[in-house]
file upload-v6.txt (compact mmCIF, C-alpha atoms)
# COMPACT_ATOMS: atom_id res chain seq x y z
CA MET W 1 159.92 146.98 74.29
CA ASP W 2 157.50 144.14 75.03
CA ALA W 3 158.38 140.57 75.99
CA LYS W 4 157.79 139.20 72.48
CA THR W 5 160.30 141.62 70.93
CA LEU W 6 162.83 140.85 73.67
CA LEU W 7 162.50 137.11 73.04
CA PHE W 8 162.86 137.69 69.31
CA PHE W 9 166.17 139.52 69.74
CA ALA W 10 167.42 136.91 72.23
CA PHE W 11 166.61 133.94 69.97
CA SER W 12 167.99 135.77 66.93
CA SER W 13 171.28 136.45 68.70
CA VAL W 14 171.65 132.81 69.73
CA LEU W 15 170.76 131.70 66.19
CA LEU W 16 173.38 133.95 64.60
CA PHE W 17 176.03 132.83 67.11
CA ALA W 18 175.25 129.14 66.48
CA ALA W 19 175.29 129.65 62.69
CA VAL W 20 178.70 131.33 62.83
CA ARG W 21 180.08 128.57 65.07
CA VAL W 22 178.89 125.93 62.60
CA ILE W 23 181.35 127.18 59.99
CA THR W 24 184.14 128.23 62.39
CA ALA W 25 184.29 125.27 64.80
CA ARG W 26 187.44 123.20 64.42
CA ASN W 27 185.82 119.94 65.52
CA PRO W 28 183.17 118.55 63.12
CA VAL W 29 181.20 117.07 66.03
CA HIS W 30 181.04 120.48 67.69
CA ALA W 31 179.87 122.01 64.40
CA VAL W 32 177.00 119.52 64.21
CA LEU W 33 176.01 120.28 67.81
CA TYR W 34 175.98 124.01 67.07
CA LEU W 35 173.76 123.28 64.06
CA VAL W 36 171.35 121.46 66.39
CA LEU W 37 171.30 124.56 68.59
CA ALA W 38 170.59 126.71 65.53
CA PHE W 39 167.62 124.52 64.61
CA PHE W 40 166.24 124.75 68.14
CA THR W 41 166.42 128.55 68.18
CA ALA W 42 164.87 128.71 64.71
CA ALA W 43 162.01 126.58 66.03
CA CYS W 44 161.56 129.07 68.86
CA LEU W 45 161.31 131.89 66.30
CA TRP W 46 158.64 129.90 64.45
CA MET W 47 156.73 129.61 67.71
CA LEU W 48 156.86 133.38 68.14
CA LEU W 49 155.38 133.72 64.65
CA LYS W 50 152.53 131.36 65.70
CA ALA W 51 153.67 128.66 63.25
CA GLU W 52 153.48 125.77 65.69
CA PHE W 53 153.45 123.03 63.07
CA LEU W 54 156.63 124.26 61.39
CA ALA W 55 158.38 124.56 64.76
CA ILE W 56 157.44 121.04 65.82
CA ALA W 57 158.37 119.63 62.39
CA LEU W 58 161.74 121.38 62.55
CA VAL W 59 162.52 119.86 65.95
CA LEU W 60 161.20 116.36 65.25
CA VAL W 61 162.43 115.91 61.68
CA TYR W 62 165.72 117.82 61.55
CA VAL W 63 166.92 117.75 65.16
CA GLY W 64 165.44 114.38 66.10
CA ALA W 65 166.26 112.44 62.94
CA VAL W 66 168.44 114.13 60.34
CA MET W 67 170.92 115.87 62.66
CA VAL W 68 171.30 112.79 64.87
CA LEU W 69 172.10 110.79 61.73
CA PHE W 70 174.63 113.44 60.66
CA LEU W 71 176.22 113.32 64.10
CA PHE W 72 176.67 109.54 64.00
CA VAL W 73 178.04 109.72 60.45
CA VAL W 74 180.56 112.41 61.38
CA MET W 75 181.68 110.41 64.43
CA MET W 76 182.07 107.14 62.48
CA LEU W 77 183.64 108.40 59.24
CA ASP W 78 187.01 109.27 60.85
CA ILE W 79 187.30 112.56 58.96
CA ASN W 80 190.78 113.95 58.45
CA VAL W 81 190.23 117.55 59.55
CA ASP W 82 193.74 118.75 58.65
CA ARG W 83 193.30 117.67 55.05
CA LEU W 84 189.96 119.49 54.80
CA ARG W 85 191.49 122.73 56.06
CA GLN W 86 194.25 122.86 53.46
CA GLY W 87 192.24 124.82 50.86
CA PHE W 88 190.25 126.99 53.30
CA TRP W 89 192.06 130.28 52.79
CA LYS W 90 192.19 129.80 49.02
CA SER W 91 188.41 129.43 48.84
CA LEU W 92 187.66 132.25 51.31
CA PRO W 93 187.47 135.13 48.75
CA LEU W 94 185.01 133.19 46.58
CA ALA W 95 182.94 132.33 49.64
CA VAL W 96 182.81 136.01 50.69
CA ILE W 97 181.66 137.03 47.21
CA VAL W 98 178.91 134.39 47.18
CA ALA W 99 177.76 135.43 50.66
CA ALA W 100 177.64 139.10 49.62
CA VAL W 101 175.54 138.22 46.55
CA ILE W 102 173.09 136.23 48.71
CA VAL W 103 172.75 139.11 51.20
CA LEU W 104 172.18 141.56 48.34
CA GLN W 105 169.45 139.38 46.84
CA LEU W 106 167.71 139.05 50.20
CA TRP W 107 167.83 142.80 50.71
CA LEU W 108 166.40 143.48 47.23
CA VAL W 109 163.51 141.08 47.85
CA LEU W 110 162.66 142.08 51.41
CA SER W 111 162.84 145.82 50.70
CA GLN W 112 159.90 145.67 48.29
CA GLY W 113 156.53 147.11 49.26
CA GLU W 114 154.75 143.74 49.06
CA TRP W 115 156.82 142.36 51.94
CA GLN W 116 156.12 145.46 54.02
CA ALA W 117 152.39 144.96 53.51
CA MET W 118 152.61 141.35 54.78
CA ARG W 119 153.34 142.49 58.32
CA GLU W 120 149.66 142.91 59.10
CA PRO W 121 147.44 139.80 58.90
CA GLY W 122 144.73 139.80 56.29
CA PRO W 123 141.00 139.83 57.05
CA GLY W 124 139.71 136.53 58.38
CA ILE W 125 143.16 135.00 58.86
CA ALA W 126 142.55 134.37 62.56
CA GLN W 127 139.61 132.05 61.81
CA HIS W 128 141.74 129.57 59.85
CA ASN W 129 143.66 126.71 61.42
CA ASN W 130 147.34 126.78 60.54
CA ILE W 131 147.87 123.00 60.71
CA GLU W 132 144.71 122.26 58.74
CA GLN W 133 145.67 124.61 55.91
CA LEU W 134 149.20 123.20 55.75
CA GLY W 135 147.82 119.65 55.61
CA LEU W 136 145.47 120.52 52.77
CA LEU W 137 148.23 122.18 50.75
CA THR W 138 150.78 119.44 51.47
CA PHE W 139 148.60 116.52 50.37
CA SER W 140 146.87 118.27 47.47
CA GLU W 141 149.11 120.71 45.59
CA TYR W 142 152.50 119.65 46.97
CA VAL W 143 152.07 115.89 47.23
CA TYR W 144 154.62 115.11 44.49
CA PRO W 145 157.36 117.39 45.92
CA LEU W 146 156.71 115.73 49.29
CA GLN W 147 157.29 112.27 47.83
CA ILE W 148 160.43 113.46 46.02
CA ALA W 149 161.80 114.90 49.28
CA GLY W 150 161.12 111.58 51.01
CA CYS W 151 163.03 109.70 48.30
CA LEU W 152 165.97 112.08 48.60
CA LEU W 153 166.09 111.56 52.37
CA LEU W 154 165.98 107.79 51.85
CA VAL W 155 168.91 107.99 49.42
CA ALA W 156 170.84 110.13 51.92
CA ILE W 157 170.27 107.60 54.72
CA VAL W 158 171.35 104.65 52.55
CA SER W 159 174.43 106.56 51.37
CA ALA W 160 175.41 107.41 54.94
CA ILE W 161 175.14 103.76 55.97
CA ALA W 162 177.17 102.70 52.93
CA LEU W 163 179.92 105.19 53.83
CA THR W 164 180.15 103.90 57.38
CA LEU W 165 180.42 100.28 56.19
CA ARG W 166 183.17 100.89 53.64
CA GLN W 167 186.22 98.63 53.65
CA ARG W 168 189.16 99.96 55.66
CA LYS W 169 192.48 98.41 56.59
CA ASP W 170 192.01 98.95 60.31
CA SER W 171 188.41 97.70 60.44
CA LYS W 172 187.65 94.28 61.92
CA TYR W 173 184.52 92.42 60.92
CA GLN W 174 183.15 88.89 60.98
CA SER W 175 181.64 86.80 58.21
CA PRO W 176 178.92 84.49 59.56
CA SER W 177 178.81 82.45 56.34
CA LYS W 178 182.53 81.62 56.59
CA GLN W 179 182.21 80.85 60.30
CA VAL W 180 179.47 78.31 59.59
CA GLN W 181 181.46 76.60 56.83
CA VAL W 182 184.65 76.20 58.88
CA ARG W 183 185.80 72.70 59.93
CA ARG W 184 187.53 71.45 63.04
CA GLU W 185 190.69 70.60 61.11
CA ASP W 186 190.96 74.24 59.94
CA ARG W 187 190.96 75.61 63.49
CA VAL W 188 192.78 73.04 65.67
CA ARG W 189 195.91 71.01 64.82
CA LEU W 190 197.25 68.42 67.25
CA VAL W 191 201.04 68.12 67.25
CA SER W 192 202.90 65.24 68.95
CA MET W 193 205.99 66.58 70.71
CA ALA W 194 208.57 64.83 72.92
CA ALA W 195 208.96 65.76 76.57
CA GLU W 196 211.58 68.36 77.52
CA ALA W 197 213.78 65.85 79.43
CA ASP W 198 213.72 63.33 76.57
CA ALA W 199 214.58 66.04 74.09
CA ARG W 200 217.64 67.09 76.12
CA GLN W 201 218.86 63.50 76.42
CA ASP W 202 218.55 63.06 72.68
CA ARG W 203 220.74 66.16 72.21
CA GLY W 204 223.35 64.79 74.65
CA GLY W 205 222.50 66.96 77.61
CA VAL W 206 221.83 66.06 81.23
CA ALA W 207 218.33 66.05 82.54
CA PRO W 208 217.79 68.30 85.58
CA ALA W 209 217.35 66.61 88.95
CA PRO W 210 213.87 66.63 90.37
CA GLU W 211 213.25 69.24 93.02
CA SER W 212 212.89 67.98 96.61
CA ASP W 213 209.97 68.78 98.79
CA ALA W 214 210.07 71.89 100.95
CA GLY W 215 210.21 69.93 104.24
CA SER W 216 212.72 67.20 103.24
CA GLY W 217 215.82 69.33 102.76
CA THR W 218 219.08 68.60 104.76
CA LYS W 219 221.29 71.09 106.54
call {"tool": "encode", "arguments": {"input": "upload-v6.txt", "output": "structure tokens"}}
result
Amino acid sequence: MDAKTLLFFAFSSVLLFAAVRVITARNPVHAVLYLVLAFFTAACLWMLLKAEFLAIALVLVYVGAVMVLFLFVVMMLDINVDRLRQGFWKSLPLAVIVAAVIVLQLWLVLSQGEWQAMREPGPGIAQHNNIEQLGLLTFSEYVYPLQIAGCLLLVAIVSAIALTLRQRKDSKYQSPSKQVQVRREDRVRLVSMAAEADARQDRGGVAPAPESDAGSGTK
């Protein structure tokens, strides 16, 4: 077993562990962190396949931007985890069936002879630049799907910001427009009150005697 195969099995094991922890972690913040780990290990697998551009894009776009945004959203939304777990066991059989169907479809596709023939690189593939070919395909044949994906990400970012700024009973915020329009009479009110001794005399009481100095007392 060479070093490349050993690294492949190591990264694959970490990726599977992180993917399982994403759906089994009790804390949503921990689940997001495990998803970041899964993206990092997937990027390492792309590097082993000599797809440097895809690995760098996965780290910069998903880990550096999208997952950080998800992490802040999860931390600020104040998610009620107990309420989300109420229907977990009821939905588990359906989830197992869907997962089994997905695994079956992947096995049917990858077991075909065309996928087995793709293991060996074609003639002249080493002379082509991976990043150059991806750039040509992205901005020629797939330019419209790229713009649509950008619009979807923009909508997701705006929606996340709108969810964090929703009105809650325990949230405290300031309104600069109301602060500018406020007057002095609305904030401060001067009240004329009688002294405490005068108030007691008016009620028929006796005013307390003034305290003597500390050094003038008699024995």
call {"tool": "closest_residue", "arguments": {"input": "upload-v6.txt", "among": "W:Ala156, W:Met47, W:Leu106, W:Leu137", "to": "Val66 of chain W", "atoms": "all atoms listed in the file"}}
result
W:Ala156
call {"tool": "residues_near_point", "arguments": {"input": "upload-v6.txt", "point": "(178.9, 125.9, 66.7)", "cutoff": "6 Å", "atoms": "all atoms listed in the file", "output": "PyMOL selection string"}}
result
chain W and resi 18+21-22+25+30-31+34
call {"tool": "axis_aligned_box", "arguments": {"input": "upload-v6.txt", "around": "segment 57-69 of chain W", "padding_each_side": "8 Å", "output": "AutoDock Vina command-line options"}}
result
--center_x 165.2 --center_y 116.1 --center_z 63.2 --size_x 29.7 --size_y 26.6 --size_z 21.8
call {"tool": "residues_around", "arguments": {"input": "upload-v6.txt", "residues": "segment 51-53 of chain W", "least_positions_apart": "2", "cutoff": "12 Å", "atoms": "all atoms listed in the file", "output": "PyMOL selection string"}}
result
chain W and resi 42-49+55-61+129-135
call {"tool": "atom_distance", "arguments": {"input": "upload-v6.txt", "atom1": "atom CA of Ala3 of chain W", "atom2": "atom CA of Val20 of chain W"}}
result
25.9 Å
